[in-house]
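Pasting start20.pdb here (PDB, C-alpha atoms):
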```pdb
ATOM      1  CA  MET A  11     106.540 129.291 104.181
ATOM      2  CA  SER A  12     103.411 129.283 106.303
ATOM      3  CA  ASP A  13     101.678 131.403 103.646
ATOM      4  CA  LEU A  14     102.175 128.884 100.861
ATOM      5  CA  GLU A  15      98.965 127.542  99.371
ATOM      6  CA  THR A  16      98.243 124.080  98.034
ATOM      7  CA  ARG A  17      97.371 125.775  94.727
ATOM      8  CA  GLN A  18     100.946 127.040  94.419
ATOM      9  CA  LEU A  19     102.322 123.618  95.240
ATOM     10  CA  ARG A  20     100.106 121.981  92.604
ATOM     11  CA  TYR A  21     101.277 124.502  90.022
ATOM     12  CA  PHE A  22     104.915 123.870  90.877
ATOM     13  CA  VAL A  23     104.569 120.070  90.807
ATOM     14  CA  ALA A  24     102.863 120.186  87.409
ATOM     15  CA  VAL A  25     105.669 122.282  85.884
ATOM     16  CA  ALA A  26     108.356 120.198  87.616
ATOM     17  CA  GLU A  27     106.910 116.951  86.265
ATOM     18  CA  GLU A  28     106.204 118.221  82.766
ATOM     19  CA  LEU A  29     109.300 120.465  82.509
ATOM     20  CA  HIS A  30     107.244 122.494  80.065
ATOM     21  CA  PHE A  31     105.013 125.429  80.988
ATOM     22  CA  GLY A  32     102.611 124.866  78.093
ATOM     23  CA  ARG A  33     101.989 121.202  78.911
ATOM     24  CA  ALA A  34     101.719 122.004  82.616
ATOM     25  CA  ALA A  35      99.145 124.716  81.930
ATOM     26  CA  GLU A  36      97.143 122.295  79.792
ATOM     27  CA  ARG A  37      97.306 119.681  82.550
ATOM     28  CA  LEU A  38      96.044 122.257  85.057
ATOM     29  CA  SER A  39      93.313 123.503  82.663
ATOM     30  CA  MET A  40      94.603 127.070  82.789
ATOM     31  CA  ALA A  41      96.369 129.562  80.556
ATOM     32  CA  GLN A  42     100.160 129.644  80.491
ATOM     33  CA  PRO A  43     100.777 133.333  81.449
ATOM     34  CA  PRO A  44      99.131 133.120  84.899
ATOM     35  CA  LEU A  45     100.973 129.857  85.549
ATOM     36  CA  SER A  46     104.301 131.489  84.716
ATOM     37  CA  ARG A  47     103.461 134.425  86.991
ATOM     38  CA  ALA A  48     102.511 132.040  89.819
ATOM     39  CA  ILE A  49     105.849 130.212  89.559
ATOM     40  CA  ARG A  50     107.790 133.501  89.549
ATOM     41  CA  GLU A  51     105.857 134.607  92.626
ATOM     42  CA  LEU A  52     106.614 131.296  94.341
ATOM     43  CA  GLU A  53     110.332 131.682  93.612
ATOM     44  CA  ARG A  54     110.235 135.268  94.892
ATOM     45  CA  ARG A  55     108.537 134.172  98.095
ATOM     46  CA  LEU A  56     111.011 131.350  98.681
ATOM     47  CA  GLY A  57     113.987 133.480  97.702
ATOM     48  CA  VAL A  58     115.432 130.757  95.417
ATOM     49  CA  ARG A  59     115.259 129.763  91.770
ATOM     50  CA  LEU A  60     113.347 126.535  91.318
ATOM     51  CA  PHE A  61     113.767 126.292  87.545
ATOM     52  CA  GLU A  62     116.400 127.141  84.970
ATOM     53  CA  ARG A  63     114.623 128.451  81.882
ATOM     54  CA  THR A  64     115.967 128.798  78.360
ATOM     55  CA  THR A  65     114.177 129.231  75.052
ATOM     56  CA  ARG A  66     114.550 125.495  74.490
ATOM     57  CA  GLN A  67     114.067 123.792  77.808
ATOM     58  CA  VAL A  68     113.048 124.010  81.455
ATOM     59  CA  THR A  69     115.059 122.161  84.098
ATOM     60  CA  LEU A  70     114.901 121.918  87.868
ATOM     61  CA  THR A  71     117.605 123.514  89.970
ATOM     62  CA  GLY A  72     119.036 121.674  92.962
ATOM     63  CA  ALA A  73     116.665 123.646  95.177
ATOM     64  CA  GLY A  74     113.807 122.756  92.843
ATOM     65  CA  GLU A  75     114.532 119.029  93.058
ATOM     66  CA  GLY A  76     114.436 119.136  96.861
ATOM     67  CA  PHE A  77     111.314 121.290  96.866
ATOM     68  CA  LEU A  78     109.587 118.861  94.493
ATOM     69  CA  ARG A  79     109.965 116.017  96.977
ATOM     70  CA  ASP A  80     108.672 118.160  99.828
ATOM     71  CA  ALA A  81     105.820 119.619  97.754
ATOM     72  CA  LYS A  82     104.592 116.151  96.784
ATOM     73  CA  ASN A  83     104.731 115.032 100.404
ATOM     74  CA  ALA A  84     102.828 118.140 101.497
ATOM     75  CA  LEU A  85     100.096 117.684  98.884
ATOM     76  CA  GLU A  86      99.833 114.016  99.796
ATOM     77  CA  ALA A  87      99.474 114.919 103.478
ATOM     78  CA  VAL A  88      96.753 117.476 102.756
ATOM     79  CA  ALA A  89      94.818 115.001 100.607
ATOM     80  CA  ALA A  90      95.197 112.341 103.297
ATOM     81  CA  ALA A  91      93.939 114.669 106.028
ATOM     82  CA  GLU A  92      90.884 115.533 103.939
ATOM     83  CA  ARG A  93      90.050 111.904 103.177
ATOM     84  CA  ARG A  94      90.578 110.764 106.774
ATOM     85  CA  ALA A  95      88.372 113.561 108.097
ATOM     86  CA  ARG A  96      85.598 112.513 105.718
ATOM     87  CA  GLN A  97      86.069 108.877 106.730
ATOM     88  CA  ALA A  98      85.929 109.727 110.437
ATOM     89  CA  GLY A  99      82.722 111.692 109.891
ATOM     90  CA  ARG A 100      80.881 108.933 108.051
ATOM     91  CA  PRO A 101      77.712 107.696 109.755
ATOM     92  CA  ASP A 102      78.870 104.146 108.992
ATOM     93  CA  PRO A 103      82.681 104.141 109.426
ATOM     94  CA  ARG A 104      84.656 101.286 107.913
ATOM     95  CA  LEU A 105      88.132  99.821 108.205
ATOM     96  CA  ARG A 106      89.480 100.242 104.677
ATOM     97  CA  LEU A 107      91.777  97.334 103.864
ATOM     98  CA  ALA A 108      93.945  97.658 100.745
ATOM     99  CA  LEU A 109      95.516  94.683  99.011
ATOM    100  CA  LYS A 110      96.266  93.168  95.629
ATOM    101  CA  ALA A 111      93.837  90.329  94.939
ATOM    102  CA  ASP A 112      95.242  86.879  95.779
ATOM    103  CA  HIS A 113      98.405  88.331  97.351
ATOM    104  CA  ASP A 114      97.437  87.334 100.884
ATOM    105  CA  ALA A 115      99.113  83.884 100.994
ATOM    106  CA  GLY A 116      95.650  82.452 101.610
ATOM    107  CA  CYS A 117      95.519  84.013 105.078
ATOM    108  CA  LEU A 118      92.921  86.756 104.601
ATOM    109  CA  PRO A 119      89.733  84.765 105.420
ATOM    110  CA  LYS A 120      91.182  83.603 108.754
ATOM    111  CA  ILE A 121      92.553  87.071 109.537
ATOM    112  CA  ILE A 122      89.124  88.628 108.968
ATOM    113  CA  GLU A 123      87.433  85.932 111.054
ATOM    114  CA  THR A 124      89.863  86.554 113.932
ATOM    115  CA  TYR A 125      89.525  90.332 113.604
ATOM    116  CA  GLU A 126      85.734  90.260 113.639
ATOM    117  CA  ALA A 127      85.787  88.277 116.906
ATOM    118  CA  GLU A 128      87.425  91.242 118.678
ATOM    119  CA  ASP A 129      85.391  93.866 120.520
ATOM    120  CA  GLY A 130      84.784  97.322 119.064
ATOM    121  CA  THR A 131      85.952  96.584 115.526
ATOM    122  CA  LEU A 132      84.622  98.223 112.355
ATOM    123  CA  PRO A 133      83.222  96.470 109.278
ATOM    124  CA  ILE A 134      85.916  95.881 106.656
ATOM    125  CA  GLU A 135      85.783  97.581 103.263
ATOM    126  CA  LEU A 136      88.131  95.916 100.768
ATOM    127  CA  ILE A 137      90.088  98.149  98.408
ATOM    128  CA  LEU A 138      91.566  96.009  95.651
ATOM    129  CA  GLY A 139      94.377  97.457  93.557
ATOM    130  CA  GLY A 140      97.475  96.686  91.559
ATOM    131  CA  ARG A 141     100.989  95.904  92.726
ATOM    132  CA  GLY A 142     102.631  98.797  94.526
ATOM    133  CA  GLU A 143      99.455 100.852  94.998
ATOM    134  CA  GLN A 144      98.806  99.988  98.641
ATOM    135  CA  PRO A 145     101.513 102.113 100.349
ATOM    136  CA  THR A 146     100.344 105.154  98.368
ATOM    137  CA  GLN A 147      96.737 104.467  99.350
ATOM    138  CA  LEU A 148      97.778 104.429 103.018
ATOM    139  CA  ARG A 149      99.751 107.660 102.709
ATOM    140  CA  ASP A 150      97.052 109.581 100.853
ATOM    141  CA  GLY A 151      94.225 108.486 103.156
ATOM    142  CA  ARG A 152      92.370 106.113 100.831
ATOM    143  CA  ALA A 153      93.113 103.112 103.078
ATOM    144  CA  ASP A 154      93.617 102.508 106.806
ATOM    145  CA  VAL A 155      95.590  99.248 106.723
ATOM    146  CA  ALA A 156      97.028  97.059 103.978
ATOM    147  CA  LEU A 157      98.518  93.676 103.164
ATOM    148  CA  VAL A 158     101.620  94.380 101.101
ATOM    149  CA  PRO A 159     104.186  92.013  99.557
ATOM    150  CA  SER A 160     107.826  93.071  99.351
ATOM    151  CA  PRO A 161     109.481  95.066  97.892
ATOM    152  CA  PHE A 162     107.656  98.283  98.822
ATOM    153  CA  ASP A 163     108.113 101.963  99.630
ATOM    154  CA  ALA A 164     107.542 102.315 103.390
ATOM    155  CA  ARG A 165     107.930 106.111 103.697
ATOM    156  CA  GLY A 166     105.683 107.333 106.520
ATOM    157  CA  LEU A 167     104.398 103.852 107.251
ATOM    158  CA  ASP A 168     104.826 101.172 109.897
ATOM    159  CA  PHE A 169     104.702  97.495 109.027
ATOM    160  CA  GLU A 170     104.964  94.059 110.569
ATOM    161  CA  PRO A 171     106.302  91.093 108.558
ATOM    162  CA  LEU A 172     103.860  88.191 108.505
ATOM    163  CA  LEU A 173     105.367  85.397 106.426
ATOM    164  CA  THR A 174     108.015  84.791 103.789
ATOM    165  CA  GLU A 175     107.653  82.408 100.853
ATOM    166  CA  PRO A 176     109.661  81.583  97.704
ATOM    167  CA  ARG A 177     108.927  83.362  94.461
ATOM    168  CA  LEU A 178     108.773  81.639  91.055
ATOM    169  CA  VAL A 179     109.114  82.995  87.540
ATOM    170  CA  ALA A 180     106.130  82.469  85.261
ATOM    171  CA  LEU A 181     106.985  82.171  81.578
ATOM    172  CA  ALA A 182     105.376  80.790  78.444
ATOM    173  CA  ALA A 183     105.345  77.005  78.294
ATOM    174  CA  ASN A 184     106.950  77.156  74.830
ATOM    175  CA  ASP A 185     109.757  79.435  76.019
ATOM    176  CA  PRO A 186     113.127  77.642  75.588
ATOM    177  CA  LEU A 187     113.829  78.282  79.279
ATOM    178  CA  ALA A 188     110.755  76.250  80.253
ATOM    179  CA  ALA A 189     112.661  73.043  79.544
ATOM    180  CA  ARG A 190     115.149  73.860  82.300
ATOM    181  CA  SER A 191     114.715  72.591  85.847
ATOM    182  CA  ARG A 192     116.085  75.740  87.514
ATOM    183  CA  LEU A 193     117.121  79.224  86.441
ATOM    184  CA  THR A 194     119.120  82.204  87.597
ATOM    185  CA  LEU A 195     118.168  85.833  87.050
ATOM    186  CA  ALA A 196     120.902  86.113  84.413
ATOM    187  CA  ASP A 197     119.044  83.499  82.336
ATOM    188  CA  LEU A 198     116.123  85.968  82.032
ATOM    189  CA  LYS A 199     118.182  88.625  80.243
ATOM    190  CA  GLY A 200     116.171  90.267  77.454
ATOM    191  CA  ARG A 201     112.798  89.501  79.022
ATOM    192  CA  LEU A 202     110.518  92.134  80.553
ATOM    193  CA  LEU A 203     108.399  92.194  83.715
ATOM    194  CA  PRO A 204     104.843  93.613  83.726
ATOM    195  CA  ASP A 205     106.142  97.005  84.921
ATOM    196  CA  GLY A 206     108.525  97.231  81.971
ATOM    197  CA  ALA A 207     111.651  96.502  84.034
ATOM    198  CA  ALA A 208     114.323  94.046  82.921
ATOM    199  CA  ALA A 209     113.590  90.634  84.421
ATOM    200  CA  ASP A 210     117.262  89.836  85.009
ATOM    201  CA  GLN A 211     117.432  92.749  87.475
ATOM    202  CA  GLY A 212     114.849  91.118  89.760
ATOM    203  CA  PRO A 213     111.697  92.656  91.284
ATOM    204  CA  SER A 214     111.601  96.427  91.610
ATOM    205  CA  ILE A 215     109.437  99.076  93.221
ATOM    206  CA  ALA A 216     107.803 100.540  90.134
ATOM    207  CA  PRO A 217     104.885 102.944  89.807
ATOM    208  CA  PRO A 218     101.536 101.193  89.236
ATOM    209  CA  GLY A 219     100.577 100.967  85.581
ATOM    210  CA  THR A 220     104.078 101.507  84.196
ATOM    211  CA  ALA A 221     103.840 101.129  80.424
ATOM    212  CA  VAL A 222     104.915  97.875  78.779
ATOM    213  CA  PRO A 223     104.811  97.204  75.024
ATOM    214  CA  HIS A 224     101.136  96.228  75.246
ATOM    215  CA  GLY A 225     100.127  99.154  77.465
ATOM    216  CA  PRO A 226      99.771  99.421  81.258
ATOM    217  CA  VAL A 227      98.653  96.178  82.903
ATOM    218  CA  SER A 228      98.089  95.420  86.560
ATOM    219  CA  ASP A 229      95.302  92.812  86.484
ATOM    220  CA  LEU A 230      96.756  89.347  87.094
ATOM    221  CA  THR A 231      94.528  87.713  84.476
ATOM    222  CA  GLN A 232      95.835  90.121  81.835
ATOM    223  CA  ILE A 233      99.407  89.608  83.007
ATOM    224  CA  LEU A 234      99.137  85.818  82.773
ATOM    225  CA  LYS A 235      97.663  86.051  79.276
ATOM    226  CA  LEU A 236     100.685  88.116  78.170
ATOM    227  CA  VAL A 237     102.951  85.550  79.846
ATOM    228  CA  GLU A 238     101.237  82.759  77.877
ATOM    229  CA  LEU A 239     101.830  84.701  74.670
ATOM    230  CA  GLY A 240     105.502  85.109  75.506
ATOM    231  CA  SER A 241     105.273  88.910  75.722
ATOM    232  CA  ILE A 242     106.466  89.163  79.327
ATOM    233  CA  VAL A 243     107.463  87.072  82.329
ATOM    234  CA  CYS A 244     106.480  87.705  85.922
ATOM    235  CA  PHE A 245     107.522  86.753  89.439
ATOM    236  CA  LEU A 246     104.823  85.268  91.666
ATOM    237  CA  PRO A 247     104.788  83.939  95.233
ATOM    238  CA  VAL A 248     104.344  80.169  95.395
ATOM    239  CA  SER A 249     100.897  80.592  96.969
ATOM    240  CA  VAL A 250      99.719  82.661  93.972
ATOM    241  CA  ALA A 251     101.332  80.384  91.395
ATOM    242  CA  ASP A 252      99.513  77.401  92.940
ATOM    243  CA  ARG A 253      96.175  79.140  92.350
ATOM    244  CA  TYR A 254      96.904  79.917  88.706
ATOM    245  CA  ARG A 255      98.275  76.737  87.166
ATOM    246  CA  ARG A 256      97.818  76.813  83.367
ATOM    247  CA  THR A 257      98.976  74.499  80.611
ATOM    248  CA  GLY A 258     100.359  77.482  78.705
ATOM    249  CA  ILE A 259     102.528  78.699  81.591
ATOM    250  CA  ALA A 260     105.592  77.151  83.208
ATOM    251  CA  TYR A 261     106.590  78.091  86.765
ATOM    252  CA  LEU A 262     110.261  77.667  87.592
ATOM    253  CA  ALA A 263     112.443  78.304  90.614
ATOM    254  CA  VAL A 264     115.096  81.004  90.218
ATOM    255  CA  ASP A 265     118.097  80.354  92.445
ATOM    256  CA  ASP A 266     119.015  83.996  93.142
ATOM    257  CA  LEU A 267     115.483  85.437  93.202
ATOM    258  CA  GLU A 268     114.687  86.972  96.571
ATOM    259  CA  PRO A 269     111.689  85.468  98.399
ATOM    260  CA  VAL A 270     108.626  87.606  98.981
ATOM    261  CA  THR A 271     107.586  88.742 102.449
ATOM    262  CA  LEU A 272     103.937  89.533 103.101
ATOM    263  CA  THR A 273     103.508  92.378 105.585
ATOM    264  CA  VAL A 274     100.659  94.160 107.288
ATOM    265  CA  MET A 275     101.158  97.918 106.927
ATOM    266  CA  TRP A 276      99.545 101.078 108.334
ATOM    267  CA  PRO A 277     100.276 104.848 108.635
ATOM    268  CA  GLN A 278     102.835 105.720 111.321
ATOM    269  CA  ASP A 279     100.503 108.244 112.946
ATOM    270  CA  SER A 280      97.476 105.939 113.046
ATOM    271  CA  ARG A 281      95.723 105.769 116.414
ATOM    272  CA  SER A 282      92.791 103.669 115.215
ATOM    273  CA  PRO A 283      91.725 100.821 117.553
ATOM    274  CA  ALA A 284      90.356  98.996 114.498
ATOM    275  CA  VAL A 285      93.724  99.163 112.746
ATOM    276  CA  ALA A 286      95.450  97.881 115.888
ATOM    277  CA  ALA A 287      92.941  95.016 116.109
ATOM    278  CA  PHE A 288      93.541  94.064 112.485
ATOM    279  CA  VAL A 289      97.313  94.078 112.940
ATOM    280  CA  ARG A 290      97.006  91.900 116.067
ATOM    281  CA  SER A 291      94.741  89.497 114.218
ATOM    282  CA  ALA A 292      97.059  89.222 111.218
ATOM    283  CA  VAL A 293     100.088  88.530 113.382
ATOM    284  CA  SER A 294      98.152  86.054 115.541
ATOM    285  CA  VAL A 295      96.823  84.058 112.562
ATOM    286  CA  VAL A 296     100.221  83.752 110.874
ATOM    287  CA  THR A 297     102.005  82.930 114.144
ATOM    288  CA  SER A 298      99.499  80.167 114.889
ATOM    289  CA  ALA A 299      99.814  78.774 111.347
ATOM    290  CA  ASN A 300     103.610  78.741 111.597
ATOM    291  CA  THR A 301     103.454  76.982 114.978
ATOM    292  CA  LEU A 302     101.175  74.268 113.600
ATOM    293  CA  ALA A 303     103.417  73.830 110.545
ATOM    294  CA  GLN A 304     106.488  73.365 112.739
ATOM    295  CA  ARG A 305     104.754  70.718 114.853
ATOM    296  CA  SER A 306     103.523  68.695 111.875
TER     297      SER A 306
END
```
Starting from the coordinates I provided, produce the structure as structure tokens.
Amino acid sequence: MSDLETRQLRYFVAVAEELHFGRAAERLSMAQPPLSRAIRELERRLGVRLFERTTRQVTLTGAGEGFLRDAKNALEAVAAAERRARQAGRPDPRLRLALKADHDAGCLPKIIETYEAEDGTLPIELILGGRGEQPTQLRDGRADVALVPSPFDARGLDFEPLLTEPRLVALAANDPLAARSRLTLADLKGRLLPDGAAADQGPSIAPPGTAVPHGPVSDLTQILKLVELGSIVCFLPVSVADRYRRTGIAYLAVDDLEPVTLTVMWPQDSRSPAVAAFVRSAVSVVTSANTLAQRS
């Protein structure tokens, strides 16, 4: 196992995801025969069959399914190590903060102000992305710390809950449901979320850019335009809904919709003083805000 190369892992992952040697070879910009030979050599080295091959289809074996998970994790770890080494060697190091725009419950300016007052901190570089991208950015080394709303995939990551707030459904103002005062998830049957999931199933952890009928969308402005047109609905924290009030959109409470929890998240193996300072600042700001709210 110690002799395995990242090249072999990339080849295997491509075939495992495509389940077709021709498409995998095209994806890897190589000819099919050397790819087939590389997979046979990998199976020989491991002593197990990773794929079942017939003239009509290619499928993963049980061993192949397990190896796919491990291979992806290994490639992710290698990419992360490379990016973090480059980051550490920069003449002007930064604390790379990943978040989805506006999904900070309005706390980010105060968190940054508190963080910058600490000694020995690094300048912050914002990395804005779509829903669900932040945990991946932490794992693959593109970010050092993140603000992430639930639900999320926390594999290999540590996190600290900051605050919890209700979530509303945004739907077109001319939708028949908009005349109701409250809804349940069952009322949303037949409607789609921006990630293509069924709205009546509630929020899910979906890959960024999952296709919907109008193509992949992750930008909130685009999402709200599709909501106005009645193409989709979406779930938004109250703090975000308050920022995006529109005459063409109705925001309604959904009785059985789980609230959203904003967390600060970082890699489990992080030893960065700047990351620790940011986490302390985030927790301190939210704790102080909650204390003031309780007294008022």
Work out how far CA of Leu19 (chain A) is from CA of Arg50 (chain A), in Å to one decimal.
->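 CA of Leu19 (chain A) lies at a distance of 12.6 Å from CA of Arg50 (chain A).
Minimum atom-to-atom distance to Ala299 (chain A), evaluated using only C-alpha atoms, belongs to A:Lys120 out of A:Lys120, A:Arg63, A:Arg104, A:Lys82.
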Test item: the PyMOL selection byres ((chain A and resi 147) around 12) resolved as a ChimeraX atom specification | /A:86-87,89-90,93-94,106-110,137-146,148-158,163-164,166-167,218,275-277
Please identify all polymer residues within 12 Å of region 30-41 of chain A, counting only C-alpha atoms, omitting same-chain residues fewer than 4 positions from it, and present them as a list of chain:residue names.
->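 In the requested form, the answer reads A:Arg17, A:Gln18, A:Arg20, A:Tyr21, A:Phe22, A:Val23, A:Ala24, A:Val25, A:Ala26, A:Leu45, A:Ser46, A:Arg47, A:Ala48, A:Ile49, A:Phe61, A:Glu62, A:Arg63, A:Thr64, A:Thr65, A:Arg66, A:Gln67, A:Val68, A:Thr69, A:Leu70.
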Rounded to one decimal in Å, what is the spacing between CA of Glu123 (chain A) and CA of Asp168 (chain A)?
->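 Here the two named atoms are 23.2 Å from each other.
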When you draw a straight line from CA of Leu172 (chain A) to CA of Val296 (chain A), how long is it in Å?
->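 Separation between CA of Leu172 (chain A) and CA of Val296 (chain A): 6.2 Å.
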I need the residue set behind the PyMOL selection byres ((chain A and resi 230-247) around 7) for this file; please write it as a PyMOL selection string.
-> chain A and resi 175-182+201-204+227-229+248-251+258-259+270
Output the selection as a PDB file, in the frame of the given file - C-alpha atoms for each residue.
```
ATOM      1  CA  GLU A 175     107.653  82.408 100.853  1.00  0.00           C
ATOM      2  CA  PRO A 176     109.661  81.583  97.704  1.00  0.00           C
ATOM      3  CA  ARG A 177     108.927  83.362  94.461  1.00  0.00           C
ATOM      4  CA  LEU A 178     108.773  81.639  91.055  1.00  0.00           C
ATOM      5  CA  VAL A 179     109.114  82.995  87.540  1.00  0.00           C
ATOM      6  CA  ALA A 180     106.130  82.469  85.261  1.00  0.00           C
ATOM      7  CA  LEU A 181     106.985  82.171  81.578  1.00  0.00           C
ATOM      8  CA  ALA A 182     105.376  80.790  78.444  1.00  0.00           C
ATOM      9  CA  ARG A 201     112.798  89.501  79.022  1.00  0.00           C
ATOM     10  CA  LEU A 202     110.518  92.134  80.553  1.00  0.00           C
ATOM     11  CA  LEU A 203     108.399  92.194  83.715  1.00  0.00           C
ATOM     12  CA  PRO A 204     104.843  93.613  83.726  1.00  0.00           C
ATOM     13  CA  VAL A 227      98.653  96.178  82.903  1.00  0.00           C
ATOM     14  CA  SER A 228      98.089  95.420  86.560  1.00  0.00           C
ATOM     15  CA  ASP A 229      95.302  92.812  86.484  1.00  0.00           C
ATOM     16  CA  VAL A 248     104.344  80.169  95.395  1.00  0.00           C
ATOM     17  CA  SER A 249     100.897  80.592  96.969  1.00  0.00           C
ATOM     18  CA  VAL A 250      99.719  82.661  93.972  1.00  0.00           C
ATOM     19  CA  ALA A 251     101.332  80.384  91.395  1.00  0.00           C
ATOM     20  CA  GLY A 258     100.359  77.482  78.705  1.00  0.00           C
ATOM     21  CA  ILE A 259     102.528  78.699  81.591  1.00  0.00           C
ATOM     22  CA  VAL A 270     108.626  87.606  98.981  1.00  0.00           C
TER      23      VAL A 270
END
```
Would you mind listing what lies within 10 Å of Val293 (chain A) as a list of chain:residue names, with all atoms listed in the file counted and same-chain residues fewer than 6 positions away left out?
->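 Neighbouring residues, sequence-local ones excluded: A:Ile121, A:Glu170, A:Pro171, A:Leu172, A:Leu173, A:Thr273, A:Val274, A:Ala299.
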Take the selection from the previous step and output its residues with C-alpha atoms, as an mmCIF file, in the frame of the given file.
```cif
data_model
loop_
_atom_site.group_PDB
_atom_site.id
_atom_site.type_symbol
_atom_site.label_atom_id
_atom_site.label_comp_id
_atom_site.auth_asym_id
_atom_site.auth_seq_id
_atom_site.Cartn_x
_atom_site.Cartn_y
_atom_site.Cartn_z
ATOM 1 C CA ILE A 121 92.553 87.071 109.537
ATOM 2 C CA GLU A 170 104.964 94.059 110.569
ATOM 3 C CA PRO A 171 106.302 91.093 108.558
ATOM 4 C CA LEU A 172 103.860 88.191 108.505
ATOM 5 C CA LEU A 173 105.367 85.397 106.426
ATOM 6 C CA THR A 273 103.508 92.378 105.585
ATOM 7 C CA VAL A 274 100.659 94.160 107.288
ATOM 8 C CA ALA A 299 99.814 78.774 111.347
#
```
What lies within 9 Å of Ala189 (chain A) using all atoms listed in the file, ignoring chain neighbours under 5 positions off, as JSON, numbers by chain?
-> {"A": [183, 184, 260]}
Can you list, as an NGL selection string, the residues that the PyMOL selection byres ((chain A and resi 295) around 12) selects here?
-> :A and (115-125 or 172-173 or 288-294 or 296-302)
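In this comparison, which uses all atoms listed in the file, the residue of A:Leu105, A:Ala73, A:Ala84, A:Ala111 approaching Glu53 (chain A) most closely is A:Ala73.
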With only C-alpha atoms as the basis for distance, which of A:Val88, A:Ser191, A:Arg165, A:Asp210 is at the shortest distance from Gln278 (chain A)?
->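 Smallest distance to Gln278 (chain A) is found for A:Arg165.
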